[in-house]
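Right, one structure below, let's go through it.
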Amino acid sequence: MAQFANFLLLLCGLLTVRQLQAQNCSLQIEEFTDCLRDRLVNSTNKSDMKKRVSFDTDKLTFEDASSYCMKRYVLSNEAASDEWAIGMKLEALDRLYPSLIVVATVTNVNGNSVSITFDNWGDKYDYTTEKSNRDLHPVGYAKYIHHPQNKYKPYKYPGGFNWKKYLNETDSVPVPFESFNRIQTNGMPKDYYLETITGNEIQPGT
């Protein structure tokens with residue numbers, strides 16, 4: 001228990017070093033503890049998704065979990081607020097089936113262009129476009145606009161889909177909300193985005 005308390009103090013110190021606002025430290029610690037709990041609770045879960053996505057949760061230690069959560073909640077805040085990076089998650093329009101908005105991953109960033117793939121759906125759906133393209137959206141967007149669809153989550157993903165759980169499983173972070181313009185967010189507030197990546201509600205189409 002003392003180890004855990006000391007680690008939280010270390011986390012708060014790191015956040016201070018990263019020049020985060022002091023009043024946000026308690027929120028970051030709360031997010032970190034939620035992340036750590038979920039990471040450890042899910043440590044025995046396995047999935048066929050390992051064929052393409054690495055979960056690395058079958059033999060998880062406290063150090064493994066804390067290292068992951070540090071990366072997610074500290075390193076992501078270290079990045080520029082509008083930065084795109086390979087491996088980040090988002091939601092995007094499927095251009096082959098434009099009635100769908102699906103979970104996607106950034107596969108390449110080149111200046112103002114970004115390439116994405118739809119998680120586990122095969123590369124025939126992949127495309128490259130401008131970062132500001134109206135087909136790209138922050139996580140939680142489909143649910144926010146009440147998008148009617150029967151496919152949303154990664155192909156063959158077991159059970160209902162939740163963004164917080166999926167980010168944990170894939171050791172990934174979402175594209176920052178600030179990376180999207182007003183057309184891409186379509187009125188979706190940042191608070192909704194934050195609730196999406198920290199909440200437990202099941203997403204639509206799952």
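Residues are referred to by chain and number: the chain letter is A, B, ... according to the order shown in the structure tokens, the number counts from 1 in that chain, and ligands are numbered separately from 1 in the order shown.
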Residues near A:Tyr192, cut-off 8 Å, only C-alpha atoms, skip fewer than 3 positions along chain, as a JSON list (two decimals) with C-alpha atoms, in the first residue's frame:
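And here's part09.json as it stands now:
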[["chain", "number", "residue", "atom", "x", "y", "z"],
["A", 140, "GLY", "CA", -17.02, 9.37, -28.76],
["A", 144, "TYR", "CA", -22.54, 12.03, -29.43],
["A", 188, "MET", "CA", -19.20, 17.92, -29.42],
["A", 189, "PRO", "CA", -17.63, 19.49, -26.28],
["A", 195, "GLU", "CA", -16.10, 11.33, -20.37],
["A", 196, "THR", "CA", -15.77, 8.93, -23.30]]
Go through A:Asn186, A:Gln203, A:Lys153, A:Gly159 and flag the residue nearest A:Arg134, using only C-alpha atoms for the distances.
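Using only C-alpha atoms, the shortest distance to A:Arg134 belongs to A:Asn186.
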Atomic distance atom CA of A:Val102 - atom CA of A:Ser179, expressed in Å with one decimal:
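Computed distance, atom CA of A:Val102 to atom CA of A:Ser179, equals 18.1 Å.
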Would you kindly return, as a compact mmCIF listing (two decimals) with N, CA, C and O atoms, in the first residue's frame, each protein, DNA or RNA residue with an atom no farther than 8 Å from any atom of A:Asp126, considering only C-alpha atoms and excluding same-chain residues fewer than 4 positions away?
# COMPACT_ATOMS: atom_id res chain seq x y z
N SER A 115 -2.71 9.00 -42.38
CA SER A 115 -3.25 7.74 -42.88
C SER A 115 -3.90 7.00 -41.73
O SER A 115 -3.37 6.99 -40.61
N ILE A 116 -5.04 6.35 -42.01
CA ILE A 116 -5.74 5.61 -40.96
C ILE A 116 -6.11 4.21 -41.45
O ILE A 116 -6.20 3.95 -42.65
N THR A 117 -6.29 3.32 -40.49
CA THR A 117 -6.82 1.99 -40.75
C THR A 117 -7.97 1.75 -39.79
O THR A 117 -7.98 2.28 -38.67
N PHE A 118 -8.95 0.98 -40.22
CA PHE A 118 -10.07 0.63 -39.35
C PHE A 118 -9.72 -0.67 -38.63
O PHE A 118 -9.46 -1.68 -39.26
N GLY A 122 -9.18 -4.91 -42.05
CA GLY A 122 -8.45 -5.16 -43.30
C GLY A 122 -8.05 -3.87 -43.98
O GLY A 122 -8.71 -2.84 -43.85
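If only C-alpha atoms are the atoms counted, then among A:Leu96, A:Asp171, A:Asp135, A:Gly111 the closest residue to A:Asp123 is A:Leu96.
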